[in-house]
>>> print(open('upload23.csv').read())   # CSV, C-alpha atoms
chain,number,residue,atom,x,y,z
A,160,MET,CA,35.6,-14.4,27.2
A,161,GLY,CA,38.2,-16.5,29.1
A,162,ASP,CA,39.7,-19.8,28.1
A,163,GLN,CA,36.3,-21.4,27.5
A,164,ALA,CA,34.3,-20.2,24.5
A,165,MET,CA,31.0,-18.5,25.2
A,166,LYS,CA,27.9,-20.4,24.0
A,167,VAL,CA,25.3,-18.6,22.0
A,168,LEU,CA,21.9,-20.1,21.3
A,169,LEU,CA,20.0,-18.9,18.2
A,170,TYR,CA,16.3,-19.7,18.8
A,171,ASN,CA,13.0,-18.8,17.1
A,172,HIS,CA,14.4,-20.0,13.7
A,173,SER,CA,11.6,-21.2,11.4
A,174,GLY,CA,13.8,-23.3,9.1
A,175,CYS,CA,16.0,-23.0,6.0
A,176,GLU,CA,13.3,-23.6,3.4
A,177,ASN,CA,12.9,-19.8,3.9
A,178,ARG,CA,16.3,-18.7,2.5
A,179,GLY,CA,16.0,-15.5,4.4
A,180,CYS,CA,15.9,-17.4,7.7
A,181,GLU,CA,18.8,-19.5,6.4
A,182,ALA,CA,20.8,-16.4,5.6
A,183,LEU,CA,20.2,-15.0,9.1
A,184,VAL,CA,21.4,-18.2,10.8
A,185,ARG,CA,24.3,-18.7,8.4
A,186,THR,CA,25.6,-15.1,8.8
A,187,THR,CA,24.9,-14.7,12.5
A,188,SER,CA,26.6,-17.9,13.4
A,189,ALA,CA,29.6,-16.8,11.3
A,190,LEU,CA,29.8,-13.4,13.0
A,191,PHE,CA,29.7,-14.9,16.5
A,192,SER,CA,32.0,-17.8,15.6
A,193,ALA,CA,34.5,-15.3,14.4
A,194,ALA,CA,34.3,-13.6,17.8
A,195,GLY,CA,35.2,-16.9,19.4
A,196,ALA,CA,31.8,-18.1,20.5
A,197,GLN,CA,30.3,-21.5,20.0
A,198,VAL,CA,26.9,-21.3,18.3
A,199,LEU,CA,23.9,-23.6,18.7
A,200,ALA,CA,20.6,-23.2,16.8
A,201,SER,CA,17.1,-24.5,17.4
A,202,SER,CA,15.0,-24.9,14.4
A,203,ASP,CA,11.4,-25.8,13.3
A,204,GLN,CA,13.0,-27.8,10.5
A,205,PRO,CA,16.0,-29.4,12.2
A,206,GLU,CA,16.4,-32.4,9.8
A,207,TYR,CA,16.1,-30.2,6.7
A,208,ASP,CA,18.6,-27.7,8.1
A,209,LYS,CA,21.1,-30.4,8.8
A,210,THR,CA,21.2,-31.1,5.0
A,211,VAL,CA,21.8,-27.4,4.1
A,212,GLY,CA,25.3,-27.1,5.5
A,213,LEU,CA,25.7,-24.5,8.2
A,214,PRO,CA,29.4,-24.6,8.9
A,215,ASP,CA,29.5,-22.2,11.9
A,216,VAL,CA,26.6,-23.9,13.8
A,217,HIS,CA,28.0,-26.3,16.3
A,218,LYS,CA,24.7,-28.1,16.8
A,219,ILE,CA,21.2,-28.0,15.4
A,220,LEU,CA,18.3,-29.1,17.6
A,221,SER,CA,14.5,-29.2,17.3
A,222,SER,CA,12.6,-26.2,18.7
A,223,THR,CA,9.8,-28.5,20.0
A,224,ILE,CA,9.5,-31.8,21.7
A,225,SER,CA,9.3,-35.1,19.9
A,226,PRO,CA,5.7,-36.5,19.3
A,227,TYR,CA,6.9,-39.5,21.4
A,228,SER,CA,8.5,-37.7,24.3
A,229,ILE,CA,7.3,-37.8,27.9
A,230,HIS,CA,6.7,-34.1,27.7
A,231,ARG,CA,4.2,-34.6,24.9
A,232,LEU,CA,2.4,-37.2,27.0
A,233,ILE,CA,2.3,-34.9,30.0
A,234,ASN,CA,0.9,-32.1,27.9
A,235,SER,CA,-1.8,-34.4,26.5
A,236,VAL,CA,-2.9,-35.5,30.0
A,237,GLY,CA,-2.4,-32.1,31.5
A,238,PHE,CA,-4.6,-30.4,28.8
A,239,ARG,CA,-7.5,-32.7,29.8
A,240,LEU,CA,-6.9,-31.9,33.5
A,241,GLY,CA,-6.9,-28.1,32.9
A,242,MET,CA,-3.1,-27.5,33.1
A,243,PRO,CA,-2.2,-23.8,32.8
A,244,ARG,CA,-1.5,-22.8,29.2
A,245,GLU,CA,2.0,-21.4,30.1
A,246,HIS,CA,3.1,-24.8,31.4
A,247,GLU,CA,1.8,-26.5,28.2
A,248,VAL,CA,3.7,-24.1,26.0
A,249,ALA,CA,6.9,-24.4,28.1
A,250,ARG,CA,6.8,-28.2,27.8
A,251,LYS,CA,6.3,-28.0,24.0
A,252,TYR,CA,9.4,-25.8,23.7
A,253,HIS,CA,11.4,-27.7,26.3
A,254,PRO,CA,14.4,-28.2,23.9
A,255,VAL,CA,14.8,-24.5,23.5
A,256,ILE,CA,14.6,-23.7,27.2
A,257,GLN,CA,16.9,-26.5,28.1
A,258,ALA,CA,19.5,-25.5,25.6
A,259,GLY,CA,19.2,-21.9,26.5
A,260,SER,CA,19.8,-22.6,30.1
A,261,ARG,CA,23.2,-24.0,29.2
A,262,CYS,CA,24.2,-21.0,27.0
A,263,ASP,CA,25.7,-17.6,28.0
A,264,VAL,CA,23.5,-15.5,25.7
A,265,CYS,CA,20.3,-16.4,23.8
A,266,LEU,CA,19.4,-14.7,20.5
A,267,SER,CA,15.8,-14.6,19.2
A,268,ILE,CA,16.7,-14.7,15.5
A,269,GLY,CA,13.3,-14.4,13.9
A,270,GLY,CA,13.6,-10.9,12.4
A,271,ASP,CA,9.9,-10.8,11.5
A,272,THR,CA,8.6,-12.4,14.7
A,273,TYR,CA,6.7,-9.3,15.9
A,274,CYS,CA,5.6,-8.1,12.5
A,275,TYR,CA,2.4,-10.0,12.4
A,276,GLN,CA,0.2,-11.9,14.9
A,277,PRO,CA,0.8,-12.2,18.7
A,278,GLN,CA,3.6,-14.6,19.7
A,279,GLU,CA,2.5,-16.4,22.9
A,280,HIS,CA,5.3,-19.0,22.7
A,281,MET,CA,8.0,-16.3,22.7
A,282,ALA,CA,6.7,-14.7,25.8
A,283,VAL,CA,6.8,-18.1,27.6
A,284,ILE,CA,10.2,-19.1,26.3
A,285,ASN,CA,11.7,-15.7,27.2
A,286,SER,CA,10.1,-15.9,30.7
A,287,ARG,CA,11.6,-19.3,31.4
A,288,LEU,CA,15.0,-18.3,30.1
A,289,HIS,CA,15.0,-15.3,32.4
A,290,GLN,CA,14.0,-17.6,35.3
A,291,LYS,CA,17.2,-19.5,34.5
A,292,GLY,CA,19.2,-16.3,34.6
A,293,ARG,CA,20.0,-16.1,30.9
A,294,PRO,CA,20.2,-12.8,29.0
A,295,ILE,CA,18.0,-12.7,25.9
A,296,VAL,CA,18.6,-10.6,22.8
A,297,LEU,CA,16.1,-9.8,19.9
A,298,TRP,CA,18.3,-9.9,16.9
A,299,GLY,CA,17.9,-8.3,13.4
A,300,CYS,CA,14.3,-7.4,13.9
A,301,SER,CA,11.7,-5.1,12.4
A,302,VAL,CA,8.5,-4.0,14.0
A,303,ASP,CA,5.9,-1.6,12.7
A,304,PRO,CA,5.8,1.4,15.0
A,305,GLU,CA,2.0,1.2,15.2
A,306,ARG,CA,2.3,-2.2,16.9
A,307,LEU,CA,4.5,-1.0,19.7
A,308,GLN,CA,1.8,-1.0,22.3
A,309,GLY,CA,-0.1,-3.2,24.7
A,310,GLN,CA,1.0,-6.8,25.1
A,311,LEU,CA,3.5,-6.6,22.3
A,312,LEU,CA,5.3,-3.8,23.9
A,313,GLU,CA,5.3,-5.6,27.2
A,314,ASP,CA,6.8,-8.7,25.5
A,315,LEU,CA,9.5,-6.6,24.0
A,316,ARG,CA,10.4,-5.1,27.4
A,317,ALA,CA,11.6,-8.6,28.4
A,318,TYR,CA,14.7,-8.4,26.1
A,319,ASP,CA,18.0,-7.3,27.6
A,320,LEU,CA,19.0,-5.9,24.2
A,321,ILE,CA,17.2,-5.4,20.9
A,322,VAL,CA,19.2,-5.1,17.7
A,323,ALA,CA,17.0,-3.6,15.0
A,324,ARG,CA,18.0,-3.9,11.3
A,325,GLU,CA,16.6,-0.5,10.2
A,326,SER,CA,16.1,2.9,11.7
A,327,ILE,CA,12.3,3.1,11.5
A,328,THR,CA,12.0,0.3,14.0
A,329,ALA,CA,14.9,1.5,16.1
A,330,ASP,CA,13.7,5.1,16.4
A,331,ALA,CA,10.2,3.9,17.4
A,332,MET,CA,11.6,1.6,20.0
A,333,ARG,CA,13.8,4.3,21.5
A,334,LYS,CA,10.7,6.5,22.0
A,335,LYS,CA,9.2,3.6,24.0
A,336,GLY,CA,12.3,3.3,26.2
A,337,LEU,CA,13.4,-0.1,24.8
A,338,PRO,CA,17.1,-1.0,24.9
A,339,VAL,CA,17.8,-0.9,21.2
A,340,ARG,CA,20.7,-0.4,18.8
A,341,THR,CA,20.8,-0.4,15.0
A,342,PHE,CA,22.8,-2.8,12.9
A,343,CYS,CA,22.2,-3.8,9.3
A,344,ASP,CA,20.5,-7.1,8.6
A,345,PRO,CA,23.3,-9.7,9.0
A,346,ALA,CA,22.4,-11.2,5.6
A,347,PHE,CA,24.3,-8.3,4.1
A,348,PHE,CA,27.4,-10.4,5.0
A,349,LEU,CA,26.2,-13.5,3.3
A,350,GLU,CA,28.7,-15.1,0.9
A,351,ALA,CA,27.7,-16.1,-2.7
A,352,GLU,CA,28.4,-19.4,-4.4
A,353,GLU,CA,28.4,-19.1,-8.2
A,354,LEU,CA,26.9,-22.2,-9.9
A,355,PRO,CA,27.0,-22.6,-13.7
A,356,LEU,CA,24.5,-20.4,-15.4
A,357,PRO,CA,21.4,-22.2,-16.7
A,358,GLN,CA,20.2,-22.4,-20.3
A,359,GLY,CA,18.5,-19.1,-21.3
A,360,TRP,CA,20.5,-16.9,-19.0
A,361,ARG,CA,22.1,-13.9,-20.7
A,362,GLU,CA,25.3,-12.9,-19.0
A,363,GLY,CA,25.0,-9.2,-17.8
A,364,ASN,CA,21.6,-9.0,-19.3
A,365,THR,CA,19.2,-11.0,-17.2
A,366,ILE,CA,16.5,-9.4,-15.0
A,367,GLY,CA,15.5,-11.3,-11.9
A,368,LEU,CA,11.9,-11.5,-10.7
A,369,ASN,CA,10.7,-12.9,-7.3
A,370,VAL,CA,7.0,-13.1,-6.4
A,371,SER,CA,5.7,-14.5,-3.1
A,372,PRO,CA,2.3,-15.6,-2.0
A,373,LEU,CA,2.6,-13.3,0.9
A,374,VAL,CA,2.9,-10.2,-1.3
A,375,LEU,CA,0.0,-11.3,-3.5
A,376,ASN,CA,-2.2,-11.8,-0.4
A,377,CYS,CA,-1.3,-8.3,0.8
A,378,ALA,CA,-2.5,-6.7,-2.5
A,379,LYS,CA,-6.0,-5.4,-2.8
A,380,ASP,CA,-6.7,-7.8,-5.7
A,381,LYS,CA,-4.5,-11.0,-5.7
A,382,THR,CA,-5.3,-11.8,-9.3
A,383,ALA,CA,-4.6,-8.3,-10.5
A,384,ALA,CA,-1.3,-8.3,-8.7
A,385,LEU,CA,-0.2,-11.5,-10.3
A,386,GLU,CA,-1.3,-10.1,-13.7
A,387,ALA,CA,0.9,-7.1,-13.0
A,388,PHE,CA,3.9,-9.3,-12.6
A,389,CYS,CA,3.1,-11.2,-15.8
A,390,ALA,CA,2.7,-7.8,-17.6
A,391,LEU,CA,6.1,-6.8,-16.4
A,392,VAL,CA,7.7,-9.9,-17.9
A,393,GLU,CA,5.9,-9.2,-21.2
A,394,HIS,CA,7.1,-5.6,-21.0
A,395,ILE,CA,10.7,-6.7,-20.5
A,396,LEU,CA,10.5,-9.1,-23.4
A,397,LYS,CA,9.0,-6.5,-25.8
A,398,THR,CA,11.2,-3.5,-24.9
A,399,SER,CA,14.6,-5.2,-24.5
A,400,ASP,CA,16.7,-8.2,-25.4
A,401,CYS,CA,17.0,-9.2,-21.7
A,402,ALA,CA,16.2,-12.6,-20.3
A,403,VAL,CA,14.0,-13.0,-17.2
A,404,ALA,CA,15.1,-15.3,-14.4
A,405,LEU,CA,12.3,-16.3,-12.0
A,406,VAL,CA,13.9,-16.6,-8.6
A,407,PRO,CA,12.2,-18.5,-5.7
A,408,HIS,CA,13.5,-17.6,-2.2
A,409,VAL,CA,11.0,-19.4,0.1
A,410,THR,CA,9.7,-22.9,-0.5
A,411,TRP,CA,7.8,-23.8,2.6
A,412,PRO,CA,4.7,-25.9,1.7
A,413,HIS,CA,2.4,-23.2,3.2
A,414,ASP,CA,4.3,-20.3,1.7
A,415,ASN,CA,6.0,-21.3,-1.6
A,416,ASP,CA,7.2,-18.8,-4.1
A,417,LEU,CA,7.1,-21.5,-6.8
A,418,ASP,CA,3.3,-21.4,-6.7
A,419,ALA,CA,3.2,-17.9,-8.2
A,420,LEU,CA,6.5,-18.2,-10.2
A,421,GLY,CA,5.3,-21.5,-11.7
A,422,ARG,CA,2.2,-19.8,-13.0
A,423,ILE,CA,4.2,-17.1,-14.6
A,424,LYS,CA,6.5,-19.6,-16.2
A,425,GLU,CA,3.5,-21.5,-17.6
A,426,ARG,CA,2.3,-18.2,-19.2
A,427,PHE,CA,5.6,-17.9,-21.0
A,428,ALA,CA,6.3,-21.6,-21.5
A,429,GLU,CA,7.4,-21.1,-25.1
A,430,GLU,CA,9.6,-18.2,-24.4
A,431,GLU,CA,13.3,-19.2,-24.2
A,432,ARG,CA,14.2,-16.0,-22.5
A,433,VAL,CA,12.1,-16.8,-19.4
A,434,LEU,CA,13.7,-19.3,-17.1
A,435,LEU,CA,12.8,-20.6,-13.6
A,436,LEU,CA,15.5,-21.4,-11.1
A,437,PRO,CA,15.1,-24.6,-9.2
A,438,GLY,CA,13.6,-24.5,-5.7
A,439,THR,CA,16.2,-26.7,-4.2
A,440,LEU,CA,19.2,-24.3,-3.9
A,441,ASN,CA,20.4,-22.8,-0.6
A,442,ALA,CA,20.8,-19.1,0.3
A,443,VAL,CA,24.4,-18.7,-0.9
A,444,GLN,CA,23.6,-20.4,-4.2
A,445,TYR,CA,20.6,-18.1,-4.9
A,446,LYS,CA,22.8,-15.2,-4.0
A,447,GLY,CA,25.3,-16.4,-6.5
A,448,TYR,CA,22.7,-16.1,-9.2
A,449,ILE,CA,21.3,-12.8,-7.9
A,450,LYS,CA,24.7,-11.1,-7.9
A,451,ARG,CA,25.0,-11.9,-11.6
A,452,LEU,CA,21.7,-10.2,-12.5
A,453,ARG,CA,21.5,-6.9,-14.3
A,454,ALA,CA,18.6,-5.9,-12.0
A,455,LEU,CA,16.0,-7.5,-9.6
A,456,VAL,CA,12.3,-7.0,-8.9
A,457,THR,CA,11.5,-8.8,-5.7
A,458,ALA,CA,8.8,-9.4,-3.1
A,459,ARG,CA,11.1,-11.2,-0.6
A,460,THR,CA,13.2,-8.9,1.6
A,461,HIS,CA,16.1,-11.2,1.8
A,462,ALA,CA,16.3,-11.6,-2.0
A,463,SER,CA,16.5,-7.8,-2.1
A,464,ILE,CA,19.3,-7.9,0.5
A,465,ALA,CA,21.2,-10.4,-1.7
A,466,ALA,CA,20.9,-7.9,-4.5
A,467,TYR,CA,21.7,-4.8,-2.5
A,468,SER,CA,24.8,-6.3,-1.0
A,469,THR,CA,26.2,-7.2,-4.4
A,470,ALA,CA,25.3,-3.8,-5.9
A,471,VAL,CA,22.5,-5.0,-8.1
A,472,PRO,CA,19.8,-2.3,-8.9
A,473,THR,CA,16.6,-3.5,-7.2
A,474,LEU,CA,12.9,-2.7,-7.0
A,475,VAL,CA,11.1,-4.1,-4.0
A,476,ILE,CA,7.4,-4.8,-3.7
A,477,GLY,CA,7.2,-4.4,0.1
A,478,TYR,CA,4.5,-5.2,2.5
A,479,SER,CA,6.0,-4.3,5.9
A,480,VAL,CA,8.3,-1.8,7.7
A,481,LYS,CA,11.4,-3.9,7.1
A,482,ALA,CA,11.4,-3.1,3.3
A,483,ARG,CA,10.8,0.6,3.9
A,484,GLY,CA,13.4,0.9,6.6
A,485,ILE,CA,16.1,-0.9,4.8
A,486,ALA,CA,15.6,1.1,1.6
A,487,ARG,CA,15.4,4.4,3.6
A,488,ASP,CA,18.7,3.6,5.4
A,489,LEU,CA,20.5,2.6,2.2
A,490,PHE,CA,19.3,5.4,-0.1
A,491,GLY,CA,18.0,8.1,2.2
A,492,SER,CA,14.4,7.5,1.0
A,493,GLU,CA,12.3,4.6,-0.2
A,494,GLU,CA,10.9,6.6,-3.0
A,495,GLY,CA,11.7,5.0,-6.4
A,496,HIS,CA,13.0,1.9,-4.6
A,497,LEU,CA,9.8,0.5,-3.3
A,498,ILE,CA,6.2,-0.1,-4.2
A,499,THR,CA,3.9,-0.9,-1.3
A,500,ALA,CA,2.2,-4.3,-2.0
A,501,GLN,CA,-1.1,-3.1,-0.6
A,502,GLU,CA,-1.2,-0.4,-3.3
A,503,LEU,CA,-0.2,-2.6,-6.2
A,504,GLU,CA,-3.3,-2.6,-8.4
A,505,HIS,CA,-2.3,-2.0,-12.0
A,506,ALA,CA,0.4,-3.3,-14.3
A,507,VAL,CA,1.5,0.2,-15.3
A,508,GLN,CA,2.6,0.9,-11.6
A,509,LEU,CA,5.1,-2.0,-11.9
A,510,THR,CA,6.3,-1.4,-15.4
A,511,SER,CA,6.7,2.3,-14.9
A,512,ALA,CA,8.7,1.8,-11.7
A,513,TYR,CA,10.8,-0.8,-13.5
A,514,ASP,CA,11.5,1.6,-16.4
A,515,GLU,CA,12.6,4.3,-13.9
A,516,LEU,CA,14.9,1.8,-12.2
A,517,MET,CA,16.6,0.9,-15.5
A,518,LYS,CA,17.1,4.6,-16.3
A,519,ARG,CA,19.2,5.0,-13.2
A,520,GLU,CA,20.7,1.5,-13.4
A,521,ALA,CA,24.4,2.5,-13.7
A,522,ASP,CA,24.0,5.3,-11.1
A,523,GLU,CA,22.4,2.9,-8.6
A,524,ARG,CA,25.0,0.3,-9.0
A,525,ALA,CA,27.7,2.9,-8.5
A,526,PHE,CA,25.9,4.3,-5.5
A,527,LEU,CA,25.6,0.9,-3.8
A,528,GLU,CA,29.2,0.0,-4.4
A,529,LYS,CA,30.2,3.3,-2.6
A,530,ARG,CA,27.5,3.1,0.1
A,531,LEU,CA,27.9,-0.5,1.3
A,532,PRO,CA,31.1,-0.2,3.4
A,533,ASP,CA,29.6,2.5,5.6
A,534,TYR,CA,26.2,0.8,5.7
A,535,LYS,CA,27.7,-2.4,7.0
A,536,ALA,CA,29.8,-0.8,9.6
A,537,GLY,CA,29.5,-1.5,13.3
A,538,ARG,CA,29.9,-5.3,13.2
A,539,GLU,CA,32.5,-5.6,15.9
A,540,GLU,CA,30.8,-3.2,18.3
A,541,THR,CA,27.4,-4.9,17.9
A,542,ILE,CA,28.8,-8.4,18.5
A,543,ARG,CA,30.7,-7.2,21.5
A,544,ALA,CA,27.5,-5.5,22.9
A,545,VAL,CA,25.6,-8.8,22.6
A,546,LEU,CA,28.3,-11.0,24.1
A,547,SER,CA,28.8,-8.5,27.0
A,548,GLN,CA,25.2,-9.0,28.2
A,549,LYS,CA,25.3,-10.0,31.8
A,550,MET,CA,23.8,-13.1,33.4
A,551,ARG,CA,20.7,-12.3,35.4
A,552,ASN,CA,20.8,-13.1,39.1
>>> encode(input="upload23.csv", output="structure tokens")
Amino acid sequence: MGDQAMKVLLYNHSGCENRGCEALVRTTSALFSAAGAQVLASSDQPEYDKTVGLPDVHKILSSTISPYSIHRLINSVGFRLGMPREHEVARKYHPVIQAGSRCDVCLSIGGDTYCYQPQEHMAVINSRLHQKGRPIVLWGCSVDPERLQGQLLEDLRAYDLIVARESITADAMRKKGLPVRTFCDPAFFLEAEELPLPQGWREGNTIGLNVSPLVLNCAKDKTAALEAFCALVEHILKTSDCAVALVPHVTWPHDNDLDALGRIKERFAEEERVLLLPGTLNAVQYKGYIKRLRALVTARTHASIAAYSTAVPTLVIGYSVKARGIARDLFGSEEGHLITAQELEHAVQLTSAYDELMKREADERAFLEKRLPDYKAGREETIRAVLSQKMRN
């Protein structure tokens, strides 16, 4: 890389109130910093992210323009005069485009970006970065194979390299001729900080539970799905002497795990074996609690990664290809490791799957401890492949 460090921009980061997003930024910046690169990150929550502590990020900047900037004024006037939509979007994301134009490689770090609705802003940002000759990489992504068509497929063709975090996505992309390689989700490399255990926690005998609004909304009956999680807590209390730790992992105002977990805690308010972790911890602190669990039942993928990577037996309530792909790559099959959120209708589905997990608890922990080194292999080659992307003419 020469005497001067390469500069890498991480963009399309939604903010660290989603601890999965935080884990991606934290681990990705550490990986590239270790390779000698200087890492910048744009964020939808720059002020919040600055309070989290991201030691390997050289600078955090806002993804969008200030409400008081000249670009905002131009957009306001231009909108009334019929300015092309692409120009409006480009001005809104001027900080990203400007920062990217000064970096050697730009990584779109939103792993779920193309899982859901169309992403107009990404197409514009990527186009402008290409105009400035910068290579762009889609990093740590998952995309449902059925979505690889039409405009989405064209948007993906803009990337010089795609790094998929699981093989279902990677195999589907290869069939479409996209430049893809597979590497585990970078969050598997996240460190853990062990804070003091809270009152009610039973060492070696606490089951973690994470529930998200997203997974409830994916279920056929949102109320029935929440009741299934409550029934699971009751089942654990009745059939064992385990404690239950309710673990939030996303606390965005519009998508807050505490909404559902708070209702579960209210249901068991008088039960000293049910405790709710605070919503103010960062990703490494939540992982510190997760690694000390006996087992975890989780809706959030990155909570499952915190558990998998510390050999904690885990049952995932998944709603997209990422959960299926990660489980398949780790275990050879998602069967027994995953319940599809869309099919969660009855409490017995959840309690039965939990009971099966606990029957193989020791075997699963031993399997993960043996499997993880091979699963996490390829770090140096992947980082080298990203940093070797050539500037466009």
>>> closest_atom_pairs(input="upload23.csv", of="range 306-361 of chain A", to="range 173-181 of chain A", cutoff="12 Å", atoms="all atoms listed in the file", output="CSV")
residue,atom,partner,partner_atom,distance
A:Asp344,CA,A:Gly179,CA,10.4
A:Pro345,CA,A:Gly179,CA,10.4
A:Ala346,CA,A:Gly179,CA,7.8
A:Phe347,CA,A:Gly179,CA,11.0
A:Leu349,CA,A:Glu181,CA,10.0
>>> closest_residue(input="upload23.csv", among="A:Asp380, A:Glu325, A:Glu362, A:Asp208", to="Gln501 in chain A", atoms="all atoms listed in the file")
A:Asp380
>>> residues_around(input="upload23.csv", residues="Val403 in chain A", least_positions_apart="5", cutoff="9 Å", atoms="all atoms listed in the file", output="list in words")
Gly359, Trp360, Arg361, Asn364, Thr365, Ile366, Gly367, Leu368, Val392, Ile395, Leu396, Arg432, Val433, Leu434 and Leu435 of chain A
>>> closest_residue(input="upload23.csv", among="A:Leu307, A:Cys274, A:Leu297, A:Leu452", to="Glu353 in chain A", atoms="all atoms listed in the file")
A:Leu452
>>> closest_residue(input="upload23.csv", among="A:Leu190, A:Ile449, A:Cys401, A:Leu354", to="Glu431 in chain A", atoms="only C-alpha atoms")
A:Cys401
>>> closest_residue(input="upload23.csv", among="A:Ala182, A:Ala500, A:Ile256, A:Ala323", to="Gly212 in chain A", atoms="only C-alpha atoms")
A:Ala182
>>> atom_distance(input="upload23.csv", atom1="CA of Ala193 in chain A", atom2="CA of Arg538 in chain A")
11.1 Å
>>> residues_near_point(input="upload23.csv", point="(11.1, -18.4, 20.3)", cutoff="8 Å", atoms="all atoms listed in the file", output="list in words")
Tyr170, Asn171, His172, Val255, Ser267, Gly269, His280, Met281, Ala282, Ile284 and Asn285 of chain A
>>> residues_near_point(input="upload23.csv", point="(16.3, 3.0, -2.0)", cutoff="10 Å", atoms="only C-alpha atoms", output="list in words")
Tyr467, Pro472, Thr473, Leu474, Val475, Ala482, Arg483, Gly484, Ile485, Ala486, Arg487, Asp488, Leu489, Phe490, Gly491, Ser492, Glu493, Glu494, Gly495, His496, Leu497, Glu523 and Leu527 of chain A
>>> atom_distance(input="upload23.csv", atom1="CA of Ser188 in chain A", atom2="CA of Arg316 in chain A")
24.9 Å
>>> atom_distance(input="upload23.csv", atom1="CA of Leu440 in chain A", atom2="CA of Leu266 in chain A")
26.2 Å
>>> closest_residue(input="upload23.csv", among="A:Ile476, A:Val471, A:Ala544, A:Ala442", to="Glu528 in chain A", atoms="only C-alpha atoms")
A:Val471
>>> closest_residue(input="upload23.csv", among="A:Val167, A:Ala351, A:Ala317, A:Ala428", to="Gly259 in chain A", atoms="only C-alpha atoms")
A:Val167
>>> residues_around(input="upload23.csv", residues="Cys377 in chain A", least_positions_apart="2", cutoff="7 Å", atoms="only C-alpha atoms", output="ChimeraX atom specification")
/A:373-375,379,478,500-501
>>> write_last_selection(input="upload23.csv", atoms="C-alpha atoms", output="compact mmCIF listing (two decimals), in the coordinates of the input")
# COMPACT_ATOMS: atom_id res chain seq x y z
CA LEU A 373 2.60 -13.30 0.90
CA VAL A 374 2.90 -10.20 -1.30
CA LEU A 375 0.00 -11.30 -3.50
CA LYS A 379 -6.00 -5.40 -2.80
CA TYR A 478 4.50 -5.20 2.50
CA ALA A 500 2.20 -4.30 -2.00
CA GLN A 501 -1.10 -3.10 -0.60
>>> residues_around(input="upload23.csv", residues="Phe348 in chain A", least_positions_apart="6", cutoff="12 Å", atoms="all atoms listed in the file", output="number ranges by chain")
A: 182-190, 342, 442-443, 446, 461, 464-469, 531-532, 534-536, 538
